[in-house]
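Visitor: To be precise about what I am sending: the file is called run38.txt and holds compact mmCIF, C-alpha atoms and all ligand atoms.
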# COMPACT_ATOMS: atom_id res chain seq x y z
CA MET A 1 -5.85 11.93 -0.02
CA ILE A 2 -8.80 9.67 -0.71
CA TYR A 3 -7.47 7.08 -3.12
CA LEU A 4 -10.08 5.72 -5.53
CA ASP A 5 -7.69 4.58 -8.24
CA ALA A 6 -6.99 1.02 -7.11
CA SER A 7 -7.29 -0.34 -10.65
CA ALA A 8 -4.21 1.70 -11.56
CA THR A 9 -2.29 0.35 -8.58
CA THR A 10 -2.78 -0.47 -4.90
CA PRO A 11 -0.87 0.37 -1.73
CA VAL A 12 1.43 -2.40 -0.52
CA ASP A 13 0.09 -4.29 2.52
CA PHE A 14 2.44 -3.87 5.52
CA ARG A 15 2.45 -7.68 6.03
CA VAL A 16 3.77 -7.97 2.49
CA VAL A 17 6.55 -5.48 3.27
CA GLU A 18 7.41 -7.43 6.43
CA ALA A 19 7.61 -10.66 4.46
CA MET A 20 9.92 -9.27 1.77
CA MET A 21 12.30 -7.23 3.99
CA PRO A 22 14.47 -10.14 5.20
CA PHE A 23 15.04 -11.07 1.55
CA LEU A 24 16.44 -7.60 0.87
CA LEU A 25 18.62 -7.43 3.96
CA GLN A 26 19.64 -10.94 5.09
CA HIS A 27 18.61 -13.64 2.66
CA TYR A 28 20.21 -12.25 -0.46
CA ALA A 29 21.77 -15.45 -1.80
CA ASN A 30 21.10 -16.42 -5.38
CA PRO A 31 18.56 -19.29 -5.20
CA SER A 32 20.54 -21.26 -7.81
CA ALA A 33 23.74 -21.24 -5.72
CA PRO A 34 25.03 -24.48 -4.09
CA TYR A 35 25.02 -23.61 -0.34
CA ALA A 36 22.59 -23.59 2.58
CA ALA A 37 21.80 -19.86 2.42
CA ALA A 38 20.76 -20.31 -1.21
CA ARG A 39 18.63 -23.33 -0.41
CA PHE A 40 16.74 -21.23 2.13
CA VAL A 41 16.02 -18.64 -0.55
CA LYS A 42 15.03 -21.34 -3.03
CA LYS A 43 12.53 -22.67 -0.49
CA ALA A 44 11.01 -19.20 -0.11
CA LEU A 45 10.72 -19.01 -3.90
CA GLU A 46 8.83 -22.30 -4.01
CA THR A 47 6.57 -21.28 -1.11
CA ALA A 48 5.64 -18.14 -3.06
CA ARG A 49 4.90 -20.28 -6.10
CA GLU A 50 2.54 -22.43 -4.01
CA GLN A 51 0.82 -19.33 -2.61
CA VAL A 52 0.25 -17.82 -6.08
CA ALA A 53 -0.91 -21.17 -7.46
CA ALA A 54 -3.41 -21.54 -4.60
CA LEU A 55 -4.92 -18.13 -5.35
CA ILE A 56 -6.02 -19.25 -8.82
CA ASP A 57 -6.46 -22.96 -8.02
CA ALA A 58 -3.45 -23.99 -10.15
CA GLU A 59 -0.54 -26.35 -9.50
CA PRO A 60 2.77 -24.74 -8.47
CA ASP A 61 4.60 -26.04 -11.54
CA GLU A 62 2.10 -24.17 -13.70
CA ILE A 63 3.31 -20.79 -12.37
CA ILE A 64 6.30 -18.76 -13.57
CA PHE A 65 7.22 -15.42 -12.08
CA THR A 66 7.54 -12.38 -14.36
CA SER A 67 7.96 -8.64 -14.00
CA GLY A 68 4.18 -8.07 -14.16
CA GLY A 69 1.07 -8.16 -16.29
CA THR A 70 2.66 -6.65 -19.39
CA GLU A 71 5.44 -9.20 -19.55
CA SER A 72 3.05 -12.09 -18.86
CA ASP A 73 0.76 -10.97 -21.70
CA ASN A 74 3.69 -10.56 -24.12
CA ALA A 75 5.17 -13.93 -23.14
CA ALA A 76 1.92 -15.91 -23.45
CA ILE A 77 1.00 -14.46 -26.85
CA GLY A 78 4.55 -14.76 -28.17
CA SER A 79 4.72 -18.36 -27.00
CA ALA A 80 1.46 -19.44 -28.62
CA ILE A 81 2.20 -17.74 -31.92
CA THR A 82 5.76 -19.00 -32.22
CA LEU A 83 4.76 -22.53 -31.20
CA GLU A 84 2.25 -22.55 -34.01
CA MET A 85 4.42 -21.22 -36.83
CA ARG A 86 2.13 -22.63 -39.53
CA ARG A 87 -1.22 -21.63 -38.07
CA GLY A 88 -0.26 -18.40 -36.34
CA HIS A 89 -3.68 -16.71 -36.47
CA PHE A 90 -4.42 -14.75 -33.30
CA VAL A 91 -7.87 -13.60 -32.15
CA THR A 92 -8.38 -10.91 -29.55
CA VAL A 93 -10.87 -8.20 -28.60
CA LYS A 94 -10.91 -4.45 -29.24
CA THR A 95 -11.20 -3.61 -25.53
CA GLU A 96 -8.07 -5.44 -24.39
CA HIS A 97 -5.29 -3.72 -22.47
CA SER A 98 -2.53 -2.24 -24.61
CA ALA A 99 -0.18 -4.99 -23.38
CA VAL A 100 -2.24 -7.37 -25.52
CA LEU A 101 -3.24 -5.04 -28.36
CA GLU A 102 0.27 -3.70 -28.95
CA THR A 103 1.66 -7.24 -28.90
CA ALA A 104 -0.98 -8.24 -31.46
CA ARG A 105 0.05 -5.30 -33.65
CA ARG A 106 3.71 -6.27 -33.42
CA TRP A 107 2.87 -9.80 -34.57
CA MET A 108 0.90 -8.28 -37.44
CA GLU A 109 4.02 -6.38 -38.49
CA TYR A 110 5.75 -9.77 -38.63
CA GLY A 111 3.05 -10.92 -41.04
CA ARG A 112 0.85 -12.86 -38.62
CA PRO A 113 -2.92 -12.65 -39.19
CA VAL A 114 -4.72 -11.03 -36.26
CA SER A 115 -8.48 -10.55 -35.78
CA GLU A 116 -9.85 -8.01 -33.29
CA VAL A 117 -13.43 -8.84 -32.33
CA GLY A 118 -15.89 -6.18 -31.15
CA VAL A 119 -17.99 -5.85 -28.00
CA ASP A 120 -21.62 -4.96 -27.36
CA HIS A 121 -22.75 -1.69 -25.77
CA GLY A 122 -22.23 -3.21 -22.32
CA GLY A 123 -18.60 -4.06 -23.15
CA ARG A 124 -19.06 -7.84 -23.44
CA VAL A 125 -17.35 -9.61 -26.32
CA ARG A 126 -19.69 -10.56 -29.18
CA LEU A 127 -19.54 -14.34 -28.95
CA ASP A 128 -20.94 -14.95 -32.45
CA ASP A 129 -18.21 -12.76 -33.90
CA LEU A 130 -15.62 -14.56 -31.80
CA ARG A 131 -16.92 -17.92 -33.08
CA ALA A 132 -16.81 -16.69 -36.67
CA ALA A 133 -13.28 -15.28 -36.30
CA THR A 134 -11.79 -18.41 -34.72
CA GLN A 135 -10.90 -20.93 -37.40
CA SER A 136 -10.10 -24.58 -36.76
CA GLY A 137 -6.64 -25.44 -38.02
CA GLN A 138 -5.65 -21.79 -38.35
CA THR A 139 -6.21 -19.98 -35.07
CA ALA A 140 -3.40 -20.62 -32.60
CA LEU A 141 -4.64 -18.44 -29.75
CA ILE A 142 -7.58 -16.45 -28.45
CA SER A 143 -6.81 -13.79 -25.84
CA VAL A 144 -9.66 -12.16 -23.91
CA MET A 145 -9.27 -10.35 -20.60
CA TRP A 146 -11.12 -11.77 -17.60
CA ALA A 147 -12.33 -8.31 -16.54
CA ASN A 148 -11.81 -4.96 -18.18
CA ASN A 149 -9.56 -2.46 -16.43
CA GLU A 150 -11.68 0.58 -17.33
CA THR A 151 -15.24 -0.66 -16.86
CA GLY A 152 -14.76 -3.77 -14.70
CA VAL A 153 -16.96 -5.73 -17.15
CA VAL A 154 -16.35 -9.47 -16.74
CA ALA A 155 -16.11 -11.63 -19.88
CA PRO A 156 -18.09 -14.87 -20.38
CA MET A 157 -15.03 -16.96 -19.62
CA ASP A 158 -16.58 -20.43 -19.77
CA GLU A 159 -18.09 -19.83 -23.21
CA ILE A 160 -14.86 -18.36 -24.58
CA THR A 161 -12.78 -21.25 -23.26
CA GLN A 162 -15.20 -23.64 -24.94
CA ILE A 163 -15.04 -21.75 -28.27
CA ALA A 164 -11.23 -21.86 -28.22
CA HIS A 165 -10.96 -25.53 -27.32
CA ASP A 166 -13.71 -26.64 -29.73
CA ARG A 167 -11.60 -25.15 -32.52
CA GLY A 168 -8.29 -26.51 -31.29
CA ALA A 169 -6.98 -23.08 -30.27
CA MET A 170 -5.32 -22.14 -26.99
CA PHE A 171 -6.88 -19.53 -24.72
CA HIS A 172 -5.00 -16.81 -22.86
CA THR A 173 -6.65 -14.44 -20.42
CA ASP A 174 -5.28 -11.23 -18.96
CA ALA A 175 -6.73 -11.58 -15.46
CA VAL A 176 -4.74 -8.68 -14.02
CA GLN A 177 -7.87 -6.92 -12.73
CA SER A 178 -9.61 -10.06 -11.46
CA VAL A 179 -6.92 -11.96 -9.59
CA GLY A 180 -6.93 -11.11 -5.91
CA LYS A 181 -10.39 -9.54 -6.18
CA GLN A 182 -12.63 -12.42 -7.30
CA LYS A 183 -12.53 -16.11 -6.54
CA LEU A 184 -11.31 -17.74 -9.70
CA SER A 185 -10.22 -21.22 -10.57
CA VAL A 186 -8.25 -22.36 -13.60
CA LYS A 187 -9.58 -25.85 -12.89
CA GLU A 188 -13.20 -24.75 -13.21
CA THR A 189 -12.44 -22.40 -16.11
CA PRO A 190 -9.72 -24.30 -17.95
CA VAL A 191 -7.80 -21.45 -19.59
CA ASP A 192 -4.38 -22.31 -21.01
CA TYR A 193 -2.47 -19.17 -20.05
CA LEU A 194 -3.37 -16.54 -17.44
CA SER A 195 -1.57 -13.27 -16.63
CA LEU A 196 -1.58 -11.64 -13.21
CA SER A 197 0.14 -8.64 -11.66
CA GLY A 198 1.13 -8.11 -8.02
CA HIS A 199 0.67 -4.36 -7.75
CA LYS A 200 -3.07 -4.69 -8.38
CA PHE A 201 -3.50 -6.62 -5.14
CA HIS A 202 -1.17 -5.02 -2.60
CA ALA A 203 2.21 -6.41 -3.67
CA PRO A 204 4.93 -4.08 -5.02
CA LYS A 205 5.13 -2.98 -8.63
CA GLY A 206 7.34 -4.96 -11.00
CA VAL A 207 6.30 -8.50 -10.15
CA GLY A 208 3.65 -10.78 -11.59
CA ALA A 209 3.15 -14.28 -12.82
CA LEU A 210 2.06 -16.28 -15.80
CA PHE A 211 0.01 -19.44 -15.38
CA ILE A 212 0.80 -22.02 -18.07
CA SER A 213 -1.51 -25.02 -17.98
CA ARG A 214 0.13 -28.47 -17.88
CA ARG A 215 -1.98 -29.21 -20.97
CA VAL A 216 -0.03 -26.81 -23.19
CA ARG A 217 3.55 -26.21 -24.20
CA PHE A 218 5.40 -22.93 -23.72
CA LYS A 219 8.07 -21.34 -25.85
CA PRO A 220 10.06 -18.82 -23.80
CA TRP A 221 11.23 -15.50 -25.15
CA ALA A 222 13.57 -14.66 -22.22
CA LEU A 223 16.49 -17.00 -22.85
CA GLY A 224 19.56 -17.44 -20.70
CA GLY A 225 20.31 -19.30 -17.49
CA GLY A 226 17.18 -21.45 -17.56
CA GLN A 227 15.49 -20.27 -14.36
CA GLU A 228 11.75 -20.81 -13.84
CA PHE A 229 11.77 -24.31 -15.36
CA GLY A 230 13.65 -22.89 -18.36
CA ARG A 231 10.64 -20.70 -19.14
CA ARG A 232 11.87 -17.30 -17.98
CA SER A 233 15.58 -16.87 -17.62
CA GLY A 234 17.12 -14.29 -15.31
CA THR A 235 17.92 -14.33 -11.60
CA GLU A 236 14.61 -14.36 -9.79
CA ALA A 237 13.53 -11.08 -8.09
CA ILE A 238 13.25 -12.90 -4.76
CA PRO A 239 12.06 -10.05 -2.47
CA ASN A 240 9.32 -9.16 -4.95
CA ILE A 241 8.37 -12.78 -5.47
CA VAL A 242 8.15 -13.41 -1.72
CA ALA A 243 5.99 -10.27 -1.53
CA LEU A 244 3.74 -11.54 -4.32
CA GLY A 245 3.35 -14.86 -2.50
CA MET A 246 2.33 -13.14 0.73
CA ALA A 247 -0.06 -10.81 -1.12
CA ALA A 248 -1.63 -13.85 -2.78
CA GLU A 249 -2.03 -15.63 0.55
CA ILE A 250 -3.71 -12.60 2.11
CA ALA A 251 -5.92 -12.03 -0.93
CA ARG A 252 -7.10 -15.65 -0.82
CA GLN A 253 -8.08 -15.30 2.83
CA GLU A 254 -9.79 -11.97 2.18
CA ILE A 255 -11.79 -13.40 -0.72
CA ASP A 256 -12.92 -16.27 1.52
CA ARG A 257 -14.00 -13.70 4.10
CA GLY A 258 -16.18 -11.89 1.55
CA VAL A 259 -14.00 -8.93 0.58
CA GLU A 260 -15.63 -8.79 -2.86
CA GLU A 261 -19.02 -8.02 -1.33
CA LYS A 262 -17.49 -5.57 1.17
CA ILE A 263 -15.87 -3.59 -1.64
CA GLY A 264 -19.07 -3.83 -3.68
CA ALA A 265 -21.04 -2.27 -0.83
CA MET A 266 -18.75 0.78 -0.97
CA ARG A 267 -18.95 1.05 -4.74
CA ASP A 268 -22.75 0.71 -4.71
CA ALA A 269 -23.18 3.27 -1.93
CA PHE A 270 -20.98 5.67 -3.89
CA GLU A 271 -23.02 5.29 -7.07
CA LYS A 272 -26.33 5.49 -5.18
CA ARG A 273 -25.40 8.73 -3.44
CA LEU A 274 -24.23 10.30 -6.69
CA ILE A 275 -27.18 9.23 -8.76
CA ALA A 276 -29.60 10.48 -6.10
CA VAL A 277 -28.23 14.00 -6.63
CA HIS A 278 -27.22 13.78 -10.29
CA PRO A 279 -29.80 11.40 -11.78
CA ASN A 280 -28.47 11.85 -15.29
CA THR A 281 -25.21 10.10 -14.32
CA ILE A 282 -24.65 7.09 -16.57
CA VAL A 283 -22.96 3.91 -15.37
CA ASN A 284 -20.91 2.62 -18.31
CA GLY A 285 -20.74 -1.14 -18.85
CA ASP A 286 -22.83 -4.20 -18.17
CA GLN A 287 -23.90 -3.89 -14.55
CA THR A 288 -24.74 -7.54 -14.00
CA HIS A 289 -21.29 -8.76 -15.08
CA ARG A 290 -18.99 -6.29 -13.41
CA LEU A 291 -16.18 -6.44 -10.85
CA THR A 292 -17.23 -4.87 -7.58
CA THR A 293 -14.07 -2.77 -7.56
CA ILE A 294 -14.77 -0.42 -10.49
CA SER A 295 -17.26 2.31 -11.28
CA ASN A 296 -17.05 3.93 -14.70
CA LEU A 297 -19.33 6.94 -14.75
CA CYS A 298 -20.36 9.53 -17.30
CA PHE A 299 -21.50 12.96 -16.12
CA PRO A 300 -23.16 14.29 -19.28
CA GLY A 301 -21.90 17.70 -20.30
CA VAL A 302 -19.13 17.80 -17.68
CA ASP A 303 -15.55 18.01 -18.91
CA ALA A 304 -13.79 15.06 -17.21
CA ALA A 305 -10.33 16.63 -17.61
CA GLY A 306 -11.47 19.71 -15.67
CA LEU A 307 -13.31 17.57 -13.11
CA LEU A 308 -10.15 15.53 -12.56
CA ILE A 309 -8.23 18.71 -11.72
CA LEU A 310 -10.93 19.92 -9.30
CA LEU A 311 -11.04 16.53 -7.59
CA ASP A 312 -7.26 16.46 -7.36
CA GLU A 313 -7.35 19.87 -5.64
CA CYS A 314 -9.86 18.41 -3.16
CA GLY A 315 -7.56 15.43 -2.50
CA LEU A 316 -9.54 12.78 -4.39
CA ALA A 317 -7.38 10.58 -6.64
CA CYS A 318 -9.22 8.85 -9.49
CA SER A 319 -8.84 8.67 -13.23
CA ALA A 320 -10.38 9.72 -16.52
CA GLY A 321 -9.87 6.95 -19.06
CA SER A 322 -7.30 4.26 -18.39
CA ALA A 323 -4.47 5.24 -16.06
CA CYS A 324 -2.42 2.29 -17.26
CA HIS A 325 -1.44 4.21 -20.35
CA THR A 326 0.35 7.51 -19.91
CA GLY A 327 -1.99 9.68 -17.88
CA ASP A 328 -3.08 11.58 -20.98
CA LEU A 329 -6.73 12.03 -21.87
CA GLN A 330 -7.05 10.43 -25.27
CA SER A 331 -10.50 8.98 -25.94
CA SER A 332 -10.62 5.57 -24.34
CA HIS A 333 -10.45 2.78 -26.94
CA VAL A 334 -12.62 0.70 -24.61
CA LEU A 335 -15.51 3.18 -24.53
CA LEU A 336 -15.14 3.83 -28.26
CA ALA A 337 -15.45 0.08 -28.93
CA MET A 338 -18.60 0.05 -26.76
CA GLY A 339 -20.12 2.59 -29.13
CA PHE A 340 -19.90 5.76 -27.02
CA ASP A 341 -19.21 9.04 -28.80
CA ASP A 342 -16.39 11.45 -28.00
CA ALA A 343 -18.65 13.78 -25.99
CA HIS A 344 -19.71 10.90 -23.74
CA ILE A 345 -16.14 9.70 -23.33
CA ARG A 346 -14.85 13.19 -22.53
CA SER A 347 -17.35 13.25 -19.62
CA THR A 348 -16.37 9.87 -18.20
CA MET A 349 -14.40 9.08 -15.05
CA ARG A 350 -13.21 5.85 -13.44
CA PHE A 351 -13.30 5.27 -9.68
CA SER A 352 -11.83 2.07 -8.28
CA TRP A 353 -11.60 0.49 -4.85
CA SER A 354 -9.46 -1.97 -2.93
CA ARG A 355 -9.90 -3.55 0.49
CA MET A 356 -7.86 -0.66 1.93
CA ASN A 357 -10.69 1.81 1.29
CA THR A 358 -13.36 2.55 3.89
CA MET A 359 -17.08 3.26 3.61
CA GLU A 360 -16.58 6.56 5.42
CA GLU A 361 -14.06 7.89 2.89
CA THR A 362 -16.16 6.50 0.05
CA LEU A 363 -19.16 8.58 1.13
CA ARG A 364 -16.92 11.60 1.63
CA ALA A 365 -15.58 11.07 -1.88
CA ALA A 366 -19.14 10.93 -3.24
CA ASP A 367 -19.92 14.26 -1.55
CA LEU A 368 -16.75 15.83 -2.95
CA LEU A 369 -17.63 14.55 -6.39
CA ILE A 370 -21.17 15.90 -6.18
CA ALA A 371 -19.81 19.33 -5.24
CA CYS A 372 -17.20 19.25 -8.01
CA VAL A 373 -19.72 18.17 -10.66
CA ASN A 374 -21.93 21.08 -9.56
CA LYS A 375 -18.98 23.42 -9.78
CA MET A 376 -18.05 22.18 -13.24
CA ARG A 377 -21.61 22.58 -14.43
CA SER A 378 -21.79 26.10 -13.03
CA LEU A 379 -18.41 27.00 -14.55
CA GLN A 380 -19.48 25.56 -17.88
CA THR A 381 -22.99 27.11 -17.93
CA GLY A 382 -22.63 30.03 -15.52
CA VAL A 383 -25.50 28.62 -13.35
CA VAL A 384 -24.79 27.90 -9.66
CA ARG A 385 -26.65 24.90 -8.19
CA GLN A 386 -26.98 24.11 -4.47
CA ASN A 387 -26.80 20.57 -3.07
N1 LIG B 401 -3.45 -5.78 -18.06
C1 LIG B 401 -4.40 -5.07 -17.41
C2 LIG B 401 -5.83 -5.45 -17.58
C3 LIG B 401 -4.06 -4.00 -16.60
O1 LIG B 401 -5.00 -3.31 -15.97
C4 LIG B 401 -2.69 -3.67 -16.46
C5 LIG B 401 -2.37 -2.50 -15.64
O2 LIG B 401 -1.41 -1.92 -15.53
C6 LIG B 401 -1.73 -4.47 -17.13
C7 LIG B 401 -2.15 -5.50 -17.93
C8 LIG B 401 -0.26 -4.22 -17.01
O3 LIG B 401 0.22 -4.77 -15.82
P1 LIG B 401 1.66 -4.32 -15.25
O4 LIG B 401 1.52 -2.91 -14.82
O5 LIG B 401 1.91 -5.26 -14.10
O6 LIG B 401 2.64 -4.51 -16.35
Show me, as structure tokens, the structure contained in the file I just sent.
Ligand code: PLP
Guide:
Amino acid sequence: MIYLDASATTPVDFRVVEAMMPFLLQHYANPSAPYAAARFVKKALETAREQVAALIDAEPDEIIFTSGGTESDNAAIGSAITLEMRRGHFVTVKTEHSAVLETARRWMEYGRPVSEVGVDHGGRVRLDDLRAATQSGQTALISVMWANNETGVVAPMDEITQIAHDRGAMFHTDAVQSVGKQKLSVKETPVDYLSLSGHKFHAPKGVGALFISRRVRFKPWALGGGQEFGRRSGTEAIPNIVALGMAAEIARQEIDRGVEEKIGAMRDAFEKRLIAVHPNTIVNGDQTHRLTTISNLCFPGVDAAGLLILLDECGLACSAGSACHTGDLQSSHVLLAMGFDDAHIRSTMRFSWSRMNTMEETLRAADLLIACVNKMRSLQTGVVRQN
């Protein structure tokens, strides 16, 4: 299999598996227990917290561990809205992940006002609309994702942070697709809450973290034994947390060594080879503000659902629309918000890379894709084309 679906999930790094194994087999004590074996586990927990904090330039006491991006998004939004019972207005964007949009809708059911701001054709939030929607004294929270999981389009984070803070609102960002791929600093971009997820950067599924700035308060929704500074009760998932720490450490080193550019070279070579043969291929999303890990491509006239099946038969794993949902092929809400019509969306595929991909397999994948697009076009029109 050639795996070009790294935005859905990534393979676990073997060094991460090695780091977590002793905490499954030997060091199983509960970190809150009063004996030496527990203190050892507690120390590992705090080391992981330091490693995750370092990845986003935060302080360790600003990090709590969660079960992943979904929980972090739910917890941050729920905290901000319940802290601000009187001014519970929430502003978000139409292209957010469902973990944010569904949470917003739930709060609407509870009678909270929610505004969903639109994006331009490149997928970037309309800042004037965001400014107009955010009201001083009423808006408790703005939530805008750092980079979009379907298109890779990166939001203007500094401007959004400024808009939120100028109006006395807090700012949460779902940075699930950015963390571990891009260098980012919560000191340089002073967001208040930030969600991240381990399985997007070579840790196991089911572990993530929420950054909560020292500047803001936090109202927990998981109540109980008071773990994680009283902010997320429940016995900590130590093996997963140790794994997340190691994945963060490796990701930080890789980013310093230029992994972003290395992945970008593969993505660009892939697009170049495809477009050379199929010049009518359309790259969806703003190309100057885009993660290097994602390519969202429209092959006009080609049925993406059929293409996905052909590619699967050839051993190429990728996705049509967002794989984070259910694997079904509903029209992507992200592409709809960007103003694309159903025909365009039905011809769109997402390819995504991690550091575990190689240039060789990337070029092989491009050739497979070229052949499959030809086949689809010939099946759909009855004309056979040679390339
Ligand atoms: N937010 C974004 C942008 C994502 O891409 C995903 C992907 O699954 C999530 C949130 C959910 O994260 P998790 O699977 O860790 O719950």
Visitor: Using all atoms listed in the file, which of A:Ile63, A:Ala147, A:Leu141, A:Val41 sits nearest Thr82 of chain A?
Guide: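 Of A:Ile63, A:Ala147, A:Leu141, A:Val41, the one nearest Thr82 of chain A is A:Leu141, counting all atoms listed in the file.
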Visitor: Would you list the residues that come within 9 Å of ligand LIG 401 (chain B)? Count all atoms listed in the file and give the answer as a PyMOL selection string.
Guide: chain A and resi 7-9+67-73+96-100+145-150+174-178+195-200+205-208+322-325
Visitor: Find the nearest atom pair between each residue of segment 244-333 of chain A and segment 11-29 of chain A for residues within 12 Å, count all atoms listed in the file, give distances in Å to one decimal, sort rows by chain and ascending number, and present the table as a tab-separated table.
Guide:
residue	atom	partner	partner_atom	distance
A:Leu244	CA	A:Val16	CA	7.7
A:Gly245	CA	A:Val16	CA	8.5
A:Met246	CA	A:Val16	CA	5.6
A:Ala247	CA	A:Val16	CA	6.0
A:Ala248	CA	A:Val16	CA	9.6
A:Glu249	CA	A:Val16	CA	9.8
A:Ile250	CA	A:Arg15	CA	8.8
A:Ala251	CA	A:Asp13	CA	10.4
Visitor: Keeping only C-alpha atoms, write the selected residues to a file as a PDB file, in the coordinates of the input.
Guide:
ATOM      1  CA  LEU A 244       3.740 -11.540  -4.320  1.00  0.00           C
ATOM      2  CA  GLY A 245       3.350 -14.860  -2.500  1.00  0.00           C
ATOM      3  CA  MET A 246       2.330 -13.140   0.730  1.00  0.00           C
ATOM      4  CA  ALA A 247      -0.060 -10.810  -1.120  1.00  0.00           C
ATOM      5  CA  ALA A 248      -1.630 -13.850  -2.780  1.00  0.00           C
ATOM      6  CA  GLU A 249      -2.030 -15.630   0.550  1.00  0.00           C
ATOM      7  CA  ILE A 250      -3.710 -12.600   2.110  1.00  0.00           C
ATOM      8  CA  ALA A 251      -5.920 -12.030  -0.930  1.00  0.00           C
TER       9      ALA A 251
END
Visitor: Suppose you want the space between atom CA of Asp57 of chain A and atom CA of Val179 of chain A; what is it in Å?
Guide: 11.1 Å
Visitor: At a cut-off of 9 Å, can you tabulate as a Markdown table every residue of segment 273-313 of chain A near segment 371-383 of chain A together with its closest atom pair and the distance in Å to one decimal, using only C-alpha atoms and ordering rows by chain then number?
Guide:
| residue | atom | partner | partner_atom | distance |
| --- | --- | --- | --- | --- |
| A:His278 | CA | A:Val373 | CA | 8.7 |
| A:Phe299 | CA | A:Val373 | CA | 7.8 |
| A:Gly301 | CA | A:Arg377 | CA | 7.6 |
| A:Val302 | CA | A:Arg377 | CA | 6.3 |
| A:Asp303 | CA | A:Met376 | CA | 7.5 |
| A:Gly306 | CA | A:Met376 | CA | 7.4 |
| A:Leu307 | CA | A:Met376 | CA | 6.6 |
| A:Leu310 | CA | A:Cys372 | CA | 6.4 |
| A:Leu311 | CA | A:Cys372 | CA | 6.7 |
Visitor: Produce a file of the selected residues containing C-alpha atoms, as a PDB file, keeping the file's coordinate frame.
Guide:
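Generated file (again.pdb):
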ATOM      1  CA  HIS A 278     -27.220  13.780 -10.290  1.00  0.00           C
ATOM      2  CA  PHE A 299     -21.500  12.960 -16.120  1.00  0.00           C
ATOM      3  CA  GLY A 301     -21.900  17.700 -20.300  1.00  0.00           C
ATOM      4  CA  VAL A 302     -19.130  17.800 -17.680  1.00  0.00           C
ATOM      5  CA  ASP A 303     -15.550  18.010 -18.910  1.00  0.00           C
ATOM      6  CA  GLY A 306     -11.470  19.710 -15.670  1.00  0.00           C
ATOM      7  CA  LEU A 307     -13.310  17.570 -13.110  1.00  0.00           C
ATOM      8  CA  LEU A 310     -10.930  19.920  -9.300  1.00  0.00           C
ATOM      9  CA  LEU A 311     -11.040  16.530  -7.590  1.00  0.00           C
TER      10      LEU A 311
END
Visitor: Taking all atoms listed in the file into account, which of A:Val277, A:Ala33, A:Val91, A:Ala366 comes nearest Gly118 of chain A?
Guide: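 Under the stated criterion, the closest residue is A:Val91.
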Visitor: Atom CA of Ser319 of chain A to atom CA of Arg350 of chain A: how many Å, to one decimal?
Guide: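 Atom-to-atom, atom CA of Ser319 of chain A and atom CA of Arg350 of chain A are spaced 5.2 Å apart.
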Visitor: Excluding Gly111 of chain A and its own-chain neighbours fewer than 2 positions away, which residues fall within 12 Å of it when counting only C-alpha atoms? Please give them as a VMD selection string.
Guide: chain A and resid 81 85 to 90 104 to 109 113 to 114
Visitor: Can you tell me how far atom CA of Glu360 of chain A sits from atom CA of Arg267 of chain A, in Å to one decimal?
Guide: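 Between atom CA of Glu360 of chain A and atom CA of Arg267 of chain A the gap is 11.8 Å.
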Visitor: Nearest to Arg346 of chain A: which of A:Ser115, A:Ser331, A:Thr161, A:Thr10 is it, counting only C-alpha atoms?
Guide: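 Checking each of A:Ser115, A:Ser331, A:Thr161, A:Thr10 against Arg346 of chain A, counting only C-alpha atoms, the winner is A:Ser331.
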Visitor: Any idea what's packed within 8 Å of Arg290 of chain A, counting all atoms listed in the file, ignoring anything in its chain fewer than 2 positions away? Could you give it as a PyMOL selection string?
Guide: chain A and resi 147+151-154+285-288+292+294
Visitor: Which of these, A:Ile309, A:Gln330, A:Pro220, A:Glu116, has the shortest distance to Ser233 of chain A once you count only C-alpha atoms?
Guide: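 The answer is A:Pro220, which sits nearest to Ser233 of chain A.
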Visitor: Excluding same-chain residues fewer than 2 positions from Ala132 of chain A, what lies within 12 Å of it counting only C-alpha atoms, as a count of residues only?
Guide: 17
Visitor: Can you pull out the residues contacting segment 227-232 of chain A? Cut-off 9 Å, using all atoms listed in the file, and skip same-chain residues under 6 positions away; I want them as number ranges by chain.
Guide: A: 32, 61, 63-66, 218-221
Visitor: I need the residue nearest Glu271 of chain A from this list: A:Gly234, A:Ala365, A:Arg217, A:Leu291. Use all atoms listed in the file for the distance.
Guide: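 Closest to Glu271 of chain A, using all atoms listed in the file: A:Ala365.
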Visitor: Check the smallest atom-to-atom distance from each of A:Leu101, A:Ala320, A:Val191, A:Met266 to Ser354 of chain A using only C-alpha atoms, then report the winner.
Guide: A:Met266
